[in-house]
>>> print(open('work.cif').read())   # mmCIF, C-alpha atoms
data_data
#
loop_
_atom_site.group_PDB
_atom_site.id
_atom_site.type_symbol
_atom_site.label_atom_id
_atom_site.label_comp_id
_atom_site.auth_asym_id
_atom_site.auth_seq_id
_atom_site.Cartn_x
_atom_site.Cartn_y
_atom_site.Cartn_z
ATOM 1 C CA MET M 26 -3.888 10.060 -6.553
ATOM 2 C CA LYS M 27 -6.345 10.245 -3.721
ATOM 3 C CA THR M 28 -4.763 10.274 -0.276
ATOM 4 C CA ALA M 29 -6.868 8.943 2.542
ATOM 5 C CA GLY M 30 -7.618 10.944 5.656
ATOM 6 C CA VAL M 31 -6.529 9.860 9.126
ATOM 7 C CA SER M 32 -8.842 9.654 12.072
ATOM 8 C CA ASP M 33 -7.435 11.150 15.257
ATOM 9 C CA GLY M 34 -9.423 9.595 18.069
ATOM 10 C CA ALA M 35 -7.709 11.733 20.664
ATOM 11 C CA ARG M 36 -9.204 14.829 19.025
ATOM 12 C CA GLY M 37 -12.755 13.654 18.766
ATOM 13 C CA GLY M 38 -12.355 11.849 15.439
ATOM 14 C CA ALA M 39 -11.138 14.876 13.497
ATOM 15 C CA SER M 40 -9.885 13.887 10.049
ATOM 16 C CA ARG M 41 -6.291 14.515 9.009
ATOM 17 C CA SER M 42 -4.697 14.115 5.606
ATOM 18 C CA ALA M 43 -1.976 11.569 5.007
ATOM 19 C CA GLY M 44 0.310 14.542 4.425
ATOM 20 C CA ALA M 45 0.122 15.557 8.094
ATOM 21 C CA PRO M 46 3.195 15.129 10.289
ATOM 22 C CA LEU M 47 3.907 11.554 11.310
ATOM 23 C CA ARG M 48 3.514 12.328 14.988
ATOM 24 C CA SER M 49 -0.038 13.620 14.488
ATOM 25 C CA GLN M 50 -0.920 10.337 12.747
ATOM 26 C CA GLY M 51 0.539 8.169 15.474
ATOM 27 C CA LEU M 52 3.160 6.973 12.992
ATOM 28 C CA ALA M 53 6.170 8.967 14.159
ATOM 29 C CA PRO M 54 8.481 6.531 15.971
ATOM 30 C CA SER M 55 10.049 7.551 19.233
ATOM 31 C CA GLY M 56 13.376 6.669 17.659
ATOM 32 C CA PHE M 57 13.005 9.579 15.256
ATOM 33 C CA ALA M 58 11.433 12.051 17.680
ATOM 34 C CA HIS M 59 14.724 13.461 18.921
ATOM 35 C CA GLU M 60 15.932 13.953 15.351
ATOM 36 C CA GLY M 61 13.641 16.941 14.910
ATOM 37 C CA HIS M 62 10.534 17.806 12.945
ATOM 38 C CA THR M 63 12.286 18.087 9.557
ATOM 39 C CA ARG M 64 13.779 14.625 9.633
ATOM 40 C CA ALA M 65 10.446 13.182 10.742
ATOM 41 C CA GLU M 66 8.883 14.827 7.697
ATOM 42 C CA VAL M 67 11.548 13.284 5.444
ATOM 43 C CA VAL M 68 10.790 9.904 7.009
ATOM 44 C CA ARG M 69 7.077 10.493 6.414
ATOM 45 C CA LEU M 70 7.641 11.024 2.701
ATOM 46 C CA LEU M 71 9.872 7.959 2.445
ATOM 47 C CA LEU M 72 7.073 6.000 4.105
ATOM 48 C CA GLU M 73 4.116 7.387 2.155
ATOM 49 C CA ARG M 74 5.671 8.236 -1.225
ATOM 50 C CA GLY M 75 8.747 6.053 -1.418
ATOM 51 C CA PRO M 76 10.577 5.279 -3.549
ATOM 52 C CA ILE M 77 11.007 9.046 -3.993
ATOM 53 C CA THR M 78 13.784 11.272 -5.301
ATOM 54 C CA ALA M 79 15.620 13.825 -3.175
ATOM 55 C CA SER M 80 14.367 16.606 -5.445
ATOM 56 C CA ALA M 81 10.755 15.483 -4.922
ATOM 57 C CA VAL M 82 11.258 15.523 -1.136
ATOM 58 C CA SER M 83 12.817 18.981 -1.456
ATOM 59 C CA SER M 84 9.872 20.264 -3.477
ATOM 60 C CA ARG M 85 7.203 18.838 -1.174
ATOM 61 C CA LEU M 86 8.838 20.114 2.023
ATOM 62 C CA GLY M 87 10.074 23.429 0.650
ATOM 63 C CA LEU M 88 13.667 22.654 1.635
ATOM 64 C CA SER M 89 16.932 23.036 -0.221
ATOM 65 C CA ALA M 90 18.148 19.970 -2.099
ATOM 66 C CA ALA M 91 21.370 20.068 -0.096
ATOM 67 C CA GLY M 92 19.459 20.062 3.187
ATOM 68 C CA VAL M 93 17.330 17.109 2.129
ATOM 69 C CA ARG M 94 20.379 15.139 1.041
ATOM 70 C CA ARG M 95 22.012 15.726 4.425
ATOM 71 C CA HIS M 96 18.993 14.172 6.139
ATOM 72 C CA LEU M 97 18.940 11.295 3.653
ATOM 73 C CA ASP M 98 22.660 10.692 4.147
ATOM 74 C CA VAL M 99 22.191 10.504 7.922
ATOM 75 C CA LEU M 100 19.259 8.103 7.544
ATOM 76 C CA ILE M 101 21.263 5.912 5.160
ATOM 77 C CA ASP M 102 24.359 5.986 7.398
ATOM 78 C CA ASN M 103 22.197 4.782 10.296
ATOM 79 C CA GLY M 104 20.601 2.080 8.159
ATOM 80 C CA TYR M 105 17.116 3.623 8.258
ATOM 81 C CA ALA M 106 16.898 4.464 4.546
ATOM 82 C CA GLU M 107 18.294 3.009 1.355
ATOM 83 C CA ILE M 108 18.466 3.653 -2.360
ATOM 84 C CA ALA M 109 15.627 1.819 -4.073
ATOM 85 C CA PRO M 110 16.751 -1.192 -6.127
ATOM 86 C CA PRO M 111 16.011 -1.124 -9.874
ATOM 87 C CA ARG M 112 13.053 -3.507 -9.581
ATOM 88 C CA VAL M 113 10.940 -0.939 -7.685
ATOM 89 C CA LEU M 114 11.968 2.197 -9.586
ATOM 90 C CA ARG M 115 9.036 3.776 -11.431
ATOM 91 C CA ASP M 116 8.501 6.236 -14.255
ATOM 92 C CA ARG M 117 11.854 5.816 -15.923
ATOM 93 C CA GLY M 118 12.435 8.332 -18.680
ATOM 94 C CA ARG M 119 15.303 8.778 -21.071
ATOM 95 C CA GLY M 120 18.799 8.928 -19.705
ATOM 96 C CA ARG M 121 20.043 7.877 -16.331
ATOM 97 C CA PRO M 122 17.196 7.751 -13.775
ATOM 98 C CA ALA M 123 17.512 9.855 -10.634
ATOM 99 C CA LYS M 124 18.211 8.008 -7.398
ATOM 100 C CA GLN M 125 15.094 7.158 -5.441
ATOM 101 C CA TYR M 126 15.038 6.567 -1.712
ATOM 102 C CA MET M 127 12.901 4.398 0.537
ATOM 103 C CA LEU M 128 12.788 3.262 4.143
ATOM 104 C CA SER M 129 14.866 0.187 4.877
ATOM 105 C CA ALA M 130 13.687 -2.736 6.981
ATOM 106 C CA ALA M 131 15.494 -1.150 9.945
ATOM 107 C CA GLY M 132 13.693 2.127 9.257
ATOM 108 C CA ARG M 133 10.347 0.370 9.381
ATOM 109 C CA ASP M 134 11.450 -1.287 12.603
ATOM 110 C CA HIS M 135 11.956 2.206 13.986
ATOM 111 C CA LEU M 136 8.261 2.849 13.431
ATOM 112 C CA GLN M 137 5.741 1.583 15.917
ATOM 113 C CA HIS M 138 6.031 -2.221 15.906
ATOM 114 C CA ALA M 139 5.392 -2.645 19.610
ATOM 115 C CA TYR M 140 4.319 -6.052 20.827
ATOM 116 C CA ASP M 141 5.530 -7.884 17.696
ATOM 117 C CA ASP M 142 7.128 -10.613 19.761
ATOM 118 C CA LEU M 143 4.042 -10.954 21.933
ATOM 119 C CA ALA M 144 1.727 -11.021 18.919
ATOM 120 C CA THR M 145 3.852 -13.630 17.177
ATOM 121 C CA ALA M 146 3.890 -15.817 20.279
ATOM 122 C CA ALA M 147 0.114 -15.462 20.600
ATOM 123 C CA MET M 148 -0.396 -16.466 16.973
ATOM 124 C CA ARG M 149 1.770 -19.542 17.432
ATOM 125 C CA GLU M 150 -0.193 -20.527 20.501
ATOM 126 C CA LEU M 151 -3.455 -19.983 18.640
ATOM 127 C CA ARG M 152 -2.286 -22.287 15.855
ATOM 128 C CA GLU M 153 -1.155 -24.862 18.394
ATOM 129 C CA ILE M 154 -4.568 -24.866 20.065
ATOM 130 C CA GLY M 155 -6.935 -24.393 17.136
ATOM 131 C CA GLY M 156 -4.916 -25.197 14.018
ATOM 132 C CA GLU M 157 -4.806 -23.282 10.752
ATOM 133 C CA GLN M 158 -8.561 -22.676 10.766
ATOM 134 C CA ALA M 159 -8.291 -20.758 14.024
ATOM 135 C CA LEU M 160 -5.627 -18.514 12.486
ATOM 136 C CA GLU M 161 -7.785 -17.926 9.422
ATOM 137 C CA ARG M 162 -10.822 -17.017 11.546
ATOM 138 C CA PHE M 163 -8.764 -14.612 13.619
ATOM 139 C CA ALA M 164 -7.256 -12.968 10.528
ATOM 140 C CA ASP M 165 -10.693 -12.627 8.927
ATOM 141 C CA ARG M 166 -12.228 -11.028 12.019
ATOM 142 C CA ARG M 167 -9.315 -8.639 12.383
ATOM 143 C CA VAL M 168 -9.667 -7.288 8.829
ATOM 144 C CA ARG M 169 -13.440 -7.016 9.190
ATOM 145 C CA SER M 170 -12.972 -4.938 12.339
ATOM 146 C CA ILE M 171 -11.084 -2.416 10.164
ATOM 147 C CA VAL M 172 -12.942 -2.318 6.835
ATOM 148 C CA GLY M 173 -16.007 -4.498 7.385
ATOM 149 C CA SER M 174 -18.267 -1.512 8.081
ATOM 150 C CA VAL M 175 -17.293 0.330 4.878
ATOM 151 C CA GLN M 176 -20.429 1.136 2.876
ATOM 152 C CA ARG M 177 -20.191 0.134 -0.761
ATOM 153 C CA ASP M 178 -20.985 2.850 -3.305
ATOM 154 C CA PRO M 179 -23.291 1.106 -5.808
ATOM 155 C CA ASP M 180 -22.295 3.541 -8.554
ATOM 156 C CA SER M 181 -18.523 3.566 -8.142
ATOM 157 C CA VAL M 182 -16.009 0.886 -7.246
ATOM 158 C CA GLU M 183 -13.346 3.585 -7.096
ATOM 159 C CA ARG M 184 -15.193 5.585 -4.422
ATOM 160 C CA THR M 185 -15.650 2.406 -2.411
ATOM 161 C CA ALA M 186 -11.908 1.755 -2.717
ATOM 162 C CA GLU M 187 -11.268 5.258 -1.372
ATOM 163 C CA ARG M 188 -13.473 4.483 1.626
ATOM 164 C CA VAL M 189 -11.499 1.284 2.232
ATOM 165 C CA ALA M 190 -8.287 3.339 2.116
ATOM 166 C CA ASP M 191 -9.777 5.822 4.603
ATOM 167 C CA ALA M 192 -10.608 3.000 7.010
ATOM 168 C CA LEU M 193 -7.128 1.495 6.641
ATOM 169 C CA THR M 194 -5.473 4.861 7.262
ATOM 170 C CA ALA M 195 -7.519 5.345 10.416
ATOM 171 C CA ALA M 196 -6.119 2.003 11.582
ATOM 172 C CA GLY M 197 -2.514 3.135 10.981
ATOM 173 C CA TYR M 198 -1.853 1.813 7.462
ATOM 174 C CA ALA M 199 -1.220 5.211 5.754
ATOM 175 C CA ALA M 200 -3.300 4.084 2.767
ATOM 176 C CA SER M 201 -4.104 5.842 -0.490
ATOM 177 C CA THR M 202 -5.616 5.064 -3.883
ATOM 178 C CA ARG M 203 -4.520 5.791 -7.426
ATOM 179 C CA ARG M 204 -6.029 5.138 -10.854
ATOM 180 C CA VAL M 205 -3.993 2.695 -12.934
ATOM 181 C CA GLY M 206 -5.281 1.781 -16.382
ATOM 182 C CA LEU M 207 -8.647 0.039 -16.128
ATOM 183 C CA GLY M 208 -8.445 -0.252 -12.365
ATOM 184 C CA VAL M 209 -7.518 1.438 -9.135
ATOM 185 C CA GLU M 210 -4.791 0.442 -6.700
ATOM 186 C CA ILE M 211 -5.139 0.552 -2.932
ATOM 187 C CA CYS M 212 -1.656 1.246 -1.539
ATOM 188 C CA GLN M 213 -0.888 0.661 2.139
ATOM 189 C CA HIS M 214 2.366 2.530 2.773
ATOM 190 C CA HIS M 215 2.732 1.230 6.321
ATOM 191 C CA CYS M 216 1.799 -2.055 7.968
ATOM 192 C CA PRO M 217 1.678 -2.162 11.779
ATOM 193 C CA VAL M 218 1.778 -5.966 11.694
ATOM 194 C CA SER M 219 4.236 -6.608 8.864
ATOM 195 C CA HIS M 220 6.667 -8.596 11.034
ATOM 196 C CA VAL M 221 3.871 -10.847 12.250
ATOM 197 C CA ALA M 222 2.414 -11.168 8.737
ATOM 198 C CA ALA M 223 5.803 -12.284 7.434
ATOM 199 C CA GLN M 224 5.413 -15.404 9.589
ATOM 200 C CA PHE M 225 1.643 -15.714 9.303
ATOM 201 C CA PRO M 226 0.531 -14.971 5.710
ATOM 202 C CA GLN M 227 -3.071 -15.609 6.749
ATOM 203 C CA LEU M 228 -3.192 -11.936 7.786
ATOM 204 C CA CYS M 229 -2.443 -10.790 4.230
ATOM 205 C CA GLU M 230 -4.670 -13.418 2.634
ATOM 206 C CA ALA M 231 -7.609 -12.342 4.788
ATOM 207 C CA GLU M 232 -7.153 -8.725 3.682
ATOM 208 C CA GLU M 233 -7.432 -9.697 0.031
ATOM 209 C CA GLN M 234 -10.544 -11.806 0.643
ATOM 210 C CA VAL M 235 -12.350 -9.172 2.718
ATOM 211 C CA PHE M 236 -11.403 -6.377 0.299
ATOM 212 C CA ALA M 237 -13.028 -8.380 -2.501
ATOM 213 C CA GLU M 238 -16.181 -8.857 -0.451
ATOM 214 C CA VAL M 239 -16.449 -5.200 0.555
ATOM 215 C CA LEU M 240 -15.721 -3.923 -2.952
ATOM 216 C CA GLY M 241 -17.968 -6.478 -4.612
ATOM 217 C CA THR M 242 -15.393 -7.474 -7.218
ATOM 218 C CA HIS M 243 -12.314 -9.643 -7.676
ATOM 219 C CA VAL M 244 -9.113 -8.036 -6.400
ATOM 220 C CA GLN M 245 -5.466 -9.014 -6.790
ATOM 221 C CA ARG M 246 -2.693 -8.466 -4.260
ATOM 222 C CA LEU M 247 0.383 -7.280 -6.171
ATOM 223 C CA ALA M 248 2.866 -6.618 -3.365
ATOM 224 C CA THR M 249 3.185 -6.726 0.416
ATOM 225 C CA ILE M 250 5.488 -5.109 2.934
ATOM 226 C CA ALA M 251 5.690 -8.487 4.672
ATOM 227 C CA ASN M 252 7.401 -9.860 1.548
ATOM 228 C CA GLY M 253 9.894 -6.982 1.407
ATOM 229 C CA ASP M 254 8.046 -4.637 -0.946
ATOM 230 C CA CYS M 255 7.839 -0.907 -0.253
ATOM 231 C CA ALA M 256 4.026 -0.990 0.078
ATOM 232 C CA CYS M 257 1.103 -3.384 0.174
ATOM 233 C CA THR M 258 -0.596 -2.914 -3.199
ATOM 234 C CA THR M 259 -3.974 -4.324 -4.193
ATOM 235 C CA HIS M 260 -5.353 -3.972 -7.725
ATOM 236 C CA VAL M 261 -9.101 -3.433 -8.035
ATOM 237 C CA PRO M 262 -10.663 -3.631 -11.538
ATOM 238 C CA LEU M 263 -13.234 -0.929 -12.173
ATOM 239 C CA THR M 264 -15.506 -3.122 -14.262
ATOM 240 C CA VAL M 265 -16.227 -6.773 -14.963
ATOM 241 C CA PHE M 266 -14.886 -7.827 -18.373
ATOM 242 C CA GLY M 267 -17.480 -7.096 -21.040
ATOM 243 C CA ASP M 268 -19.455 -4.658 -18.890
ATOM 244 C CA ALA M 269 -19.286 -1.449 -20.911
ATOM 245 C CA SER M 270 -21.776 0.323 -18.649
ATOM 246 C CA SER M 271 -19.353 0.912 -15.762
ATOM 247 C CA ARG M 272 -19.366 4.569 -14.717
ATOM 248 C CA ASP M 273 -15.839 4.251 -13.351
ATOM 249 C CA VAL M 274 -14.435 3.188 -16.706
ATOM 250 C CA ALA M 275 -16.629 5.643 -18.585
ATOM 251 C CA ASP M 276 -15.059 8.441 -16.550
ATOM 252 C CA ALA M 277 -11.509 7.195 -17.144
ATOM 253 C CA PRO M 278 -9.211 9.022 -19.610
ATOM 254 C CA GLN M 279 -9.539 7.699 -23.167
ATOM 255 C CA ALA M 280 -5.944 6.475 -23.106
ATOM 256 C CA THR M 281 -6.762 4.025 -20.330
ATOM 257 C CA ARG M 282 -9.777 2.610 -22.145
ATOM 258 C CA ASN M 283 -7.830 0.977 -24.959
ATOM 259 C CA PRO M 284 -9.801 -1.832 -26.629
ATOM 260 C CA SER M 285 -6.514 -3.492 -27.544
ATOM 261 C CA VAL M 286 -6.412 -5.072 -24.074
ATOM 262 C CA ALA M 287 -8.544 -7.889 -25.508
ATOM 263 C CA GLN M 288 -6.202 -8.451 -28.464
ATOM 264 C CA PRO M 289 -4.114 -11.307 -26.966
ATOM 265 C CA ALA M 290 -7.171 -13.561 -26.801
ATOM 266 C CA ALA M 291 -7.962 -12.831 -30.469
ATOM 267 C CA ASP M 292 -4.368 -13.540 -31.480
ATOM 268 C CA THR M 293 -4.449 -16.870 -29.650
ATOM 269 C CA HIS M 294 -7.624 -17.851 -31.524
ATOM 270 C CA ARG M 295 -6.052 -16.903 -34.878
ATOM 271 C CA LEU M 296 -2.936 -18.978 -34.211
ATOM 272 C CA ARG M 297 -5.057 -22.013 -33.375
ATOM 273 C CA GLU M 298 -6.902 -21.681 -36.719
ATOM 274 C CA GLU M 299 -3.592 -21.430 -38.616
ATOM 275 C CA ARG M 300 -2.300 -24.604 -36.966
ATOM 276 C CA THR M 301 -5.381 -26.537 -38.030
#
>>> encode(input="work.cif", output="C-alpha cells")
Amino acid sequence: MKTAGVSDGARGGASRSAGAPLRSQGLAPSGFAHEGHTRAEVVRLLLERGPITASAVSSRLGLSAAGVRRHLDVLIDNGYAEIAPPRVLRDRGRGRPAKQYMLSAAGRDHLQHAYDDLATAAMRELREIGGEQALERFADRRVRSIVGSVQRDPDSVERTAERVADALTAAGYAASTRRVGLGVEICQHHCPVSHVAAQFPQLCEAEEQVFAEVLGTHVQRLATIANGDCACTTHVPLTVFGDASSRDVADAPQATRNPSVAQPAADTHRLREERT
C-alpha cells in the first residue's frame, strides 16, 4: 500500500509521510494533546489504519501489547474508540478473528472539526439563495481546488491515483492508495468536512465526479465517513474492459489478472440459449 505524503506549509512545503505524528500533520486534536505522545500515536493508527488489532498497533509503535491495550481501554471508556463491527472486519482467517479497533464518531469529533456549525449554516443559506445548483457548483469548485491541478500520468492510472492521494493528504484527508484486484483504491482515512457532508451529500458526489475527470476513467465510491464508514473509499479500475494493453494491469500480479472475471456474462448467455 502506498501512503501519501503530507505537505507542511509551515515548514516551507516539506513533505511528511502519513506515518508521522498526528500533531505534525495538523490532525492531532487538542482534546488528545494532554493525553501524551503515545496515545496520540495510537489514535493516529486508529485513524489511518483502522480497523486494526491491538497486536498490530503494538508492532508498529514498538510498545508492549499490555501498554497498547491500556490506551485502547481508556479510549473506549471515554467513547473515543470502539471495537469494529463484523461488517468492516477484513482478512478473516480460520478460527476466531482478533478484535479490531477503530475511532468512534466521538473520536472523530475530537479531531479538528472546527466551524462545522458555521459551515453547515452557510451551506443552508447558499441553498436557500441559489438552490441545489449553487450547492453543486460550490462542491465542484471545492474539490477542484484540492485535486484539480493534479497532473495525469498518461502511462499509469495508478500513479495518477497516488498523486490524487498526495493532494488529498496535503488538504488534511490522510489519504493512501492500495492495489485491489484489477484496480486501485483511494482511501481517505480522515474527512475534515464529514459532519457537513452528512447533511450535504453534494460534497461527496463532487469528489467522485472530479476524481473521474482527473484520473480519466470511471470511478466508484464504495464507502464514506459521512455515512458512518471507517474511511472514504473510491475504486479506480486500472484499465477499460477489453483493453489488454494497460501497463497497470500488465504489471499486476498474475493472481489479480484472472480471466474468469468475464465468466458471469458467458454463463448468462449460455442460460439464455438453453431456455430457447
>>> closest_residue(input="work.cif", among="M:Pro217, M:Pro226, M:Gly206, M:Pro110", to="His260 (chain M)", atoms="all atoms listed in the file")
M:Gly206
>>> closest_residue(input="work.cif", among="M:Gly241, M:Glu107, M:Arg64, M:Cys255", to="Asp180 (chain M)", atoms="all atoms listed in the file")
M:Gly241
>>> atom_distance(input="work.cif", atom1="CA of Ala196 (chain M)", atom2="CA of Ile171 (chain M)")
6.8 Å
>>> closest_residue(input="work.cif", among="M:Arg177, M:Leu70, M:Ala144, M:Val168", to="Ser84 (chain M)", atoms="only C-alpha atoms")
M:Leu70
>>> atom_distance(input="work.cif", atom1="CA of Val239 (chain M)", atom2="CA of Ala251 (chain M)")
22.8 Å
>>> resolve_selection(input="work.cif", expression="the PyMOL selection byres ((chain M and resi 92-95) around 8)", output="JSON, numbers by chain")
{"M": [67, 79, 82, 83, 88, 89, 90, 91, 96, 97, 98, 99]}
>>> atom_distance(input="work.cif", atom1="CA of Ile101 (chain M)", atom2="CA of Ala223 (chain M)")
24.0 Å
>>> closest_residue(input="work.cif", among="M:Glu157, M:Asp254, M:Val235, M:Ile211", to="Leu128 (chain M)", atoms="only C-alpha atoms")
M:Asp254
>>> closest_residue(input="work.cif", among="M:Tyr105, M:Phe163, M:Tyr198, M:Phe236", to="Leu151 (chain M)", atoms="all atoms listed in the file")
M:Phe163
>>> resolve_selection(input="work.cif", expression="the PyMOL selection byres ((chain M and resi 262) around 8)", output="JSON, numbers by chain")
{"M": [207, 208, 209, 242, 243, 244, 260, 261, 263, 264, 265]}
>>> closest_residue(input="work.cif", among="M:Arg204, M:Leu86, M:Glu183, M:Gly253", to="Thr63 (chain M)", atoms="only C-alpha atoms")
M:Leu86
>>> resolve_selection(input="work.cif", expression="the PyMOL selection byres ((chain M and resi 225) around 12)", output="JSON, numbers by chain")
{"M": [144, 145, 146, 147, 148, 149, 151, 152, 157, 160, 161, 163, 164, 218, 219, 220, 221, 222, 223, 224, 226, 227, 228, 229, 230, 231, 251, 252]}
>>> write_last_selection(input="work.cif", atoms="C-alpha atoms", output="compact mmCIF listing (two decimals), in the frame of the given file")
# COMPACT_ATOMS: atom_id res chain seq x y z
CA ALA M 144 1.73 -11.02 18.92
CA THR M 145 3.85 -13.63 17.18
CA ALA M 146 3.89 -15.82 20.28
CA ALA M 147 0.11 -15.46 20.60
CA MET M 148 -0.40 -16.47 16.97
CA ARG M 149 1.77 -19.54 17.43
CA LEU M 151 -3.46 -19.98 18.64
CA ARG M 152 -2.29 -22.29 15.86
CA GLU M 157 -4.81 -23.28 10.75
CA LEU M 160 -5.63 -18.51 12.49
CA GLU M 161 -7.78 -17.93 9.42
CA PHE M 163 -8.76 -14.61 13.62
CA ALA M 164 -7.26 -12.97 10.53
CA VAL M 218 1.78 -5.97 11.69
CA SER M 219 4.24 -6.61 8.86
CA HIS M 220 6.67 -8.60 11.03
CA VAL M 221 3.87 -10.85 12.25
CA ALA M 222 2.41 -11.17 8.74
CA ALA M 223 5.80 -12.28 7.43
CA GLN M 224 5.41 -15.40 9.59
CA PRO M 226 0.53 -14.97 5.71
CA GLN M 227 -3.07 -15.61 6.75
CA LEU M 228 -3.19 -11.94 7.79
CA CYS M 229 -2.44 -10.79 4.23
CA GLU M 230 -4.67 -13.42 2.63
CA ALA M 231 -7.61 -12.34 4.79
CA ALA M 251 5.69 -8.49 4.67
CA ASN M 252 7.40 -9.86 1.55
>>> residues_near_point(input="work.cif", point="(-5.0, 0.9, 5.6)", cutoff="9 Å", atoms="only C-alpha atoms", output="VMD selection string")
chain M and resid 29 171 to 172 189 to 201 211 to 216
